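Asker: Got a structure here, written out as structure tokens. Questions coming.
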4 protein chains.
Amino acid sequence: MKPLMSKIDLENFLEKEFPQVSNNFKILNTKPNSLSMLMHISDEHLRPGGTVSGPTMFLLADVSFYLATLSIIGPKSLTVTTNCSINFLRKPNISNLISESRVLKIGKTLSVGDVLIYSEGIKEPVAHASLTYSIPRE
Amino acid sequence: MKPLMSKIDLENFLEKEFPQVSNNFKILNTKPNSLSMLMHISDEHLRPGGTVSGPTMFLLADVSFYLATLSIIGPKSLTVTTNCSINFLRKPNISNLISESRVLKIGKTLSVGDVLIYSEGIKEPVAHASLTYSIPRE
Amino acid sequence: MKPLMSKIDLENFLEKEFPQVSNNFKILNTKPNSLSMLMHISDEHLRPGGTVSGPTMFLLADVSFYLATLSIIGPKSLTVTTNCSINFLRKPNISNLISESRVLKIGKTLSVGDVLIYSEGIKEPVAHASLTYSIPRE
Amino acid sequence: MKPLMSKIDLENFLEKEFPQVSNNFKILNTKPNSLSMLMHISDEHLRPGGTVSGPTMFLLADVSFYLATLSIIGPKSLTVTTNCSINFLRKPNISNLISESRVLKIGKTLSVGDVLIYSEGIKEPVAHASLTYSIPRE
């Protein structure tokens, strides 16, 4: 599983394919089978009670694992999420989120792995997601 | 499991607690242990390829099951999602989404159930989510 | 999605492919996209505290959705589970289990749906599982 | 999260509470928030096609995370699984299974984490499960 896309390749892909949200995300580093991202949190991501919303954490998990998968298989933009199971563990601070993705399997048709989500200022993870992506046939 | 909140109670609650998004949602009907909602889809909910994004469907599932739970237990706004497992089944149209929630269990500390999500113009469901909410102790 | 295997076809398949456990299971009825089964509970399925074990309920969900899928696509025995998310809702009685499977999607490579599990003598479901099966290419 | 039960405490607990299956399991090591186990595979755990069955891997994940939780909170035997989402990644060999559990959160009422399952002779994991246990109030 040698990476086909570098950090710069992924940044360019994100900017081109998701121009409306790419400013919210920053790739921190990529390694074989893992990728770390930062998500800038602003008012639109909050929910009452002074915390980051669940769908915002879901979005970060989804984007992170998508890029972690593409880094291995290349820019197949039709790769789509088929399943995500997410556990919310702790209330995040009102601060940026950081993800750590891990690819556990890349098969011919499926990519499977998980993502830990951290909130700046909290040591323990605030959420943990397991994801499956369907990879289109050539 | 007799409902403690009516359709109008839930609408008022949504407007008061989630003013920034309540305009996007409309409760269609409530029955004991089930609730149906409509979500208005606009540009912000789309992703490249001409489809509604996964996080948008997650958001609708989350809000729907939250209100289905509150309709039974009353306006405990600290009730929070602990787990959501969502399967994406089909590509939605660029049109409104409709949810059908089903509460399978209300215990002292957990509410568990599932949500089918439909896209206007498609007969079969486009997503299916199973959710667990944690209910705060008095 | 017209069924390719009848109730009798499925019973013969189960007996031939899973001879060591087929006696534990009985298909109650099959309809397009749904199937109901009974599982005979004996000592080996119990856990301390006088209840049916979680892995036993998982087994019933797995077998039920497998047969519900095969009833639609035919006897492709290499069809395998890729994901199962199961919620345990209530403590079952020490009595037989009954499953109700629902197929939500049959695609070219994936079958997705859910299973409600009941315990004889309890009106409400004791478990709810969502499953994805991978269908082998010809 | 200082462990309340040592490896020997857990072995004694397993033998006393689950005498019918404890011989199949061996705790390999325990650390704060993690635990590794071996499961002896025999004929009863196999399924047609020469592989270890899904419910067997589910059982190992369930037992492993149960003991990982009890090692932290002590011998509360009424601690029960509420959710498990398991992804099957690769076909296991017909050989013993090894689990690596990781506790991501211990709260007052819930324990949440995940388990990687390995098959002897295969470097990559064969399954990955995320689990939630409900912890009884005193």
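Each chain of the structure tokens is named A, B, ... in the order shown, its residues numbered from 1; ligands are numbered from 1 in display order.
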I'd like a table as a tab-separated table: residues in chain C with an atom no more than 10 Å from chain D, each row giving the shortest atom pair and its distance in Å to one decimal, only C-alpha atoms counted, sorted by chain and rising residue number.
Answerer:
residue	atom	partner	partner_atom	distance
C:Glu17	CA	D:Pro48	CA	6.7
C:Phe18	CA	D:Pro48	CA	7.0
C:Pro19	CA	D:Pro48	CA	9.6
C:Gln20	CA	D:Glu44	CA	8.6
C:Val21	CA	D:Glu44	CA	9.8
C:Glu44	CA	D:Gln20	CA	8.6
C:Arg47	CA	D:Phe18	CA	7.5
C:Pro48	CA	D:Glu17	CA	6.7
C:Gly49	CA	D:Leu78	CA	8.3
C:Ser53	CA	D:Leu59	CA	9.5
C:Gly54	CA	D:Thr81	CA	7.7
C:Pro55	CA	D:Leu59	CA	5.6
C:Thr56	CA	D:Pro55	CA	7.8
C:Met57	CA	D:Pro55	CA	9.3
C:Phe58	CA	D:Pro55	CA	6.5
C:Leu59	CA	D:Pro55	CA	5.6
C:Leu60	CA	D:Pro55	CA	9.3
C:Ala61	CA	D:Pro55	CA	9.9
C:Asp62	CA	D:Pro55	CA	8.1
C:Val63	CA	D:Pro55	CA	10.0
C:Ser77	CA	D:Gly49	CA	9.1
C:Leu78	CA	D:Gly49	CA	8.3
C:Val80	CA	D:Phe88	CA	8.9
C:Thr81	CA	D:Phe88	CA	6.8
C:Thr82	CA	D:Phe88	CA	4.9
C:Asn83	CA	D:Asn87	CA	4.5
C:Cys84	CA	D:Ile86	CA	5.4
C:Ser85	CA	D:Ser85	CA	3.9
C:Ile86	CA	D:Cys84	CA	5.4
C:Asn87	CA	D:Asn83	CA	4.5
C:Phe88	CA	D:Thr82	CA	4.9
C:Leu89	CA	D:Thr82	CA	7.0
C:Arg90	CA	D:Thr82	CA	9.2
C:Lys91	CA	D:Val80	CA	9.8
C:Ala127	CA	D:Thr82	CA	9.3
C:His128	CA	D:Asn83	CA	9.6
C:Ala129	CA	D:Ser85	CA	9.2
C:Ser130	CA	D:Ser85	CA	9.0
C:Leu131	CA	D:Ser85	CA	9.5
C:Thr132	CA	D:Asn87	CA	9.4
Asker: Would you kindly return, as a ChimeraX atom specification, each protein, DNA or RNA residue with an atom no farther than 12 Å from any atom of A:Gly74, considering only C-alpha atoms and excluding same-chain residues fewer than 2 positions away?
Answerer: /A:1-7,9-10,13,66-72,76-79,135-136
Asker: May I have all residues of chain A that DSSP, computed from the backbone, assigns to helix (DSSP H, G or I), given as a VMD selection string?
Answerer: chain A and resid 7 to 17 22 to 24 43 to 45 54 to 73
Asker: Can you measure atom CA of D:Leu97 to atom CA of D:Leu110 for me? One decimal in Å is fine.
Answerer: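 For atom CA of D:Leu97 relative to atom CA of D:Leu110, the distance reads 26.7 Å.
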Asker: Please list as a PDB file with N, CA and C atoms, in the first residue's frame every residue within 12 Å of C:Lys26, counting only C-alpha atoms and excluding residues in the same chain fewer than 6 positions away.
Answerer:
ATOM      1  N   LYS C   7     -38.800 -20.459   0.243  1.00  0.00           N
ATOM      2  CA  LYS C   7     -38.578 -20.924   1.623  1.00  0.00           C
ATOM      3  C   LYS C   7     -37.942 -22.326   1.616  1.00  0.00           C
ATOM      4  N   ILE C   8     -38.441 -23.200   0.773  1.00  0.00           N
ATOM      5  CA  ILE C   8     -37.900 -24.569   0.726  1.00  0.00           C
ATOM      6  C   ILE C   8     -36.476 -24.576   0.168  1.00  0.00           C
ATOM      7  N   LEU C  10     -34.314 -22.223   0.533  1.00  0.00           N
ATOM      8  CA  LEU C  10     -33.441 -21.704   1.589  1.00  0.00           C
ATOM      9  C   LEU C  10     -33.208 -22.758   2.673  1.00  0.00           C
ATOM     10  N   GLU C  11     -34.249 -23.499   3.010  1.00  0.00           N
ATOM     11  CA  GLU C  11     -34.111 -24.562   4.012  1.00  0.00           C
ATOM     12  C   GLU C  11     -33.120 -25.633   3.541  1.00  0.00           C
ATOM     13  N   ASN C  12     -33.235 -26.005   2.268  1.00  0.00           N
ATOM     14  CA  ASN C  12     -32.302 -27.013   1.735  1.00  0.00           C
ATOM     15  C   ASN C  12     -30.874 -26.482   1.717  1.00  0.00           C
ATOM     16  N   LEU C  14     -29.560 -24.189   3.698  1.00  0.00           N
ATOM     17  CA  LEU C  14     -29.068 -24.101   5.077  1.00  0.00           C
ATOM     18  C   LEU C  14     -28.616 -25.475   5.569  1.00  0.00           C
ATOM     19  N   GLU C  15     -29.411 -26.491   5.259  1.00  0.00           N
ATOM     20  CA  GLU C  15     -29.109 -27.853   5.716  1.00  0.00           C
ATOM     21  C   GLU C  15     -27.832 -28.396   5.071  1.00  0.00           C
ATOM     22  N   LEU C  35     -37.730 -11.580   5.697  1.00  0.00           N
ATOM     23  CA  LEU C  35     -37.664 -12.998   6.054  1.00  0.00           C
ATOM     24  C   LEU C  35     -37.731 -13.090   7.571  1.00  0.00           C
ATOM     25  N   SER C  36     -38.431 -14.090   8.075  1.00  0.00           N
ATOM     26  CA  SER C  36     -38.533 -14.278   9.517  1.00  0.00           C
ATOM     27  C   SER C  36     -38.059 -15.667   9.892  1.00  0.00           C
ATOM     28  N   MET C  37     -37.263 -15.764  10.982  1.00  0.00           N
ATOM     29  CA  MET C  37     -36.707 -17.055  11.406  1.00  0.00           C
ATOM     30  C   MET C  37     -36.912 -17.248  12.904  1.00  0.00           C
ATOM     31  N   LEU C  38     -36.865 -18.524  13.308  1.00  0.00           N
ATOM     32  CA  LEU C  38     -36.865 -18.864  14.730  1.00  0.00           C
ATOM     33  C   LEU C  38     -35.553 -19.559  15.059  1.00  0.00           C
ATOM     34  N   MET C  39     -34.976 -19.227  16.206  1.00  0.00           N
ATOM     35  CA  MET C  39     -33.765 -19.921  16.661  1.00  0.00           C
ATOM     36  C   MET C  39     -34.068 -20.620  17.976  1.00  0.00           C
ATOM     37  N   HIS C  40     -33.842 -21.938  18.007  1.00  0.00           N
ATOM     38  CA  HIS C  40     -34.038 -22.718  19.220  1.00  0.00           C
ATOM     39  C   HIS C  40     -32.899 -22.437  20.187  1.00  0.00           C
ATOM     40  N   ILE C  41     -33.234 -22.016  21.391  1.00  0.00           N
ATOM     41  CA  ILE C  41     -32.207 -21.681  22.389  1.00  0.00           C
ATOM     42  C   ILE C  41     -32.000 -22.860  23.329  1.00  0.00           C
ATOM     43  N   LEU C  60     -27.874 -15.094  15.128  1.00  0.00           N
ATOM     44  CA  LEU C  60     -29.193 -15.138  14.500  1.00  0.00           C
ATOM     45  C   LEU C  60     -29.356 -13.997  13.489  1.00  0.00           C
ATOM     46  N   VAL C  63     -27.213 -14.923  10.297  1.00  0.00           N
ATOM     47  CA  VAL C  63     -27.806 -15.986   9.473  1.00  0.00           C
ATOM     48  C   VAL C  63     -29.082 -15.491   8.795  1.00  0.00           C
ATOM     49  N   SER C  64     -29.898 -14.738   9.531  1.00  0.00           N
ATOM     50  CA  SER C  64     -31.178 -14.269   8.983  1.00  0.00           C
ATOM     51  C   SER C  64     -30.965 -13.350   7.790  1.00  0.00           C
ATOM     52  N   LEU C  67     -29.678 -15.228   4.681  1.00  0.00           N
ATOM     53  CA  LEU C  67     -30.726 -15.927   3.930  1.00  0.00           C
ATOM     54  C   LEU C  67     -31.675 -14.938   3.240  1.00  0.00           C
ATOM     55  N   ASN C  96     -36.912 -19.164  23.032  1.00  0.00           N
ATOM     56  CA  ASN C  96     -36.465 -19.043  21.644  1.00  0.00           C
ATOM     57  C   ASN C  96     -36.448 -17.597  21.162  1.00  0.00           C
ATOM     58  N   LEU C  97     -35.606 -17.343  20.166  1.00  0.00           N
ATOM     59  CA  LEU C  97     -35.516 -16.025  19.549  1.00  0.00           C
ATOM     60  C   LEU C  97     -36.207 -16.058  18.188  1.00  0.00           C
ATOM     61  N   ILE C  98     -36.753 -14.912  17.805  1.00  0.00           N
ATOM     62  CA  ILE C  98     -37.371 -14.771  16.486  1.00  0.00           C
ATOM     63  C   ILE C  98     -36.799 -13.532  15.805  1.00  0.00           C
ATOM     64  N   SER C  99     -36.442 -13.680  14.531  1.00  0.00           N
ATOM     65  CA  SER C  99     -35.863 -12.547  13.800  1.00  0.00           C
ATOM     66  C   SER C  99     -36.803 -12.065  12.711  1.00  0.00           C
TER      67      SER C  99
END
Asker: Find the spatial neighbours of A:Ser95, counting only C-alpha atoms, within a cut-off of 12 Å - ignore same-chain residues fewer than 6 positions away - and output them as a PyMOL selection string.
Answerer: chain A and resi 38-43+45-46+50-53+118-122
Asker: Can you list, as JSON, numbers by chain, every residue of stretch 41-136 of chain C that DSSP puts in strand (DSSP E)?
Answerer: {"C": [46, 47, 51, 52, 80, 81, 82, 83, 84, 85, 86, 87, 88, 97, 98, 99, 100, 101, 102, 103, 104, 105, 106, 110, 111, 112, 113, 114, 115, 116, 117, 118, 119, 127, 128, 129, 130, 131, 132, 133, 134]}
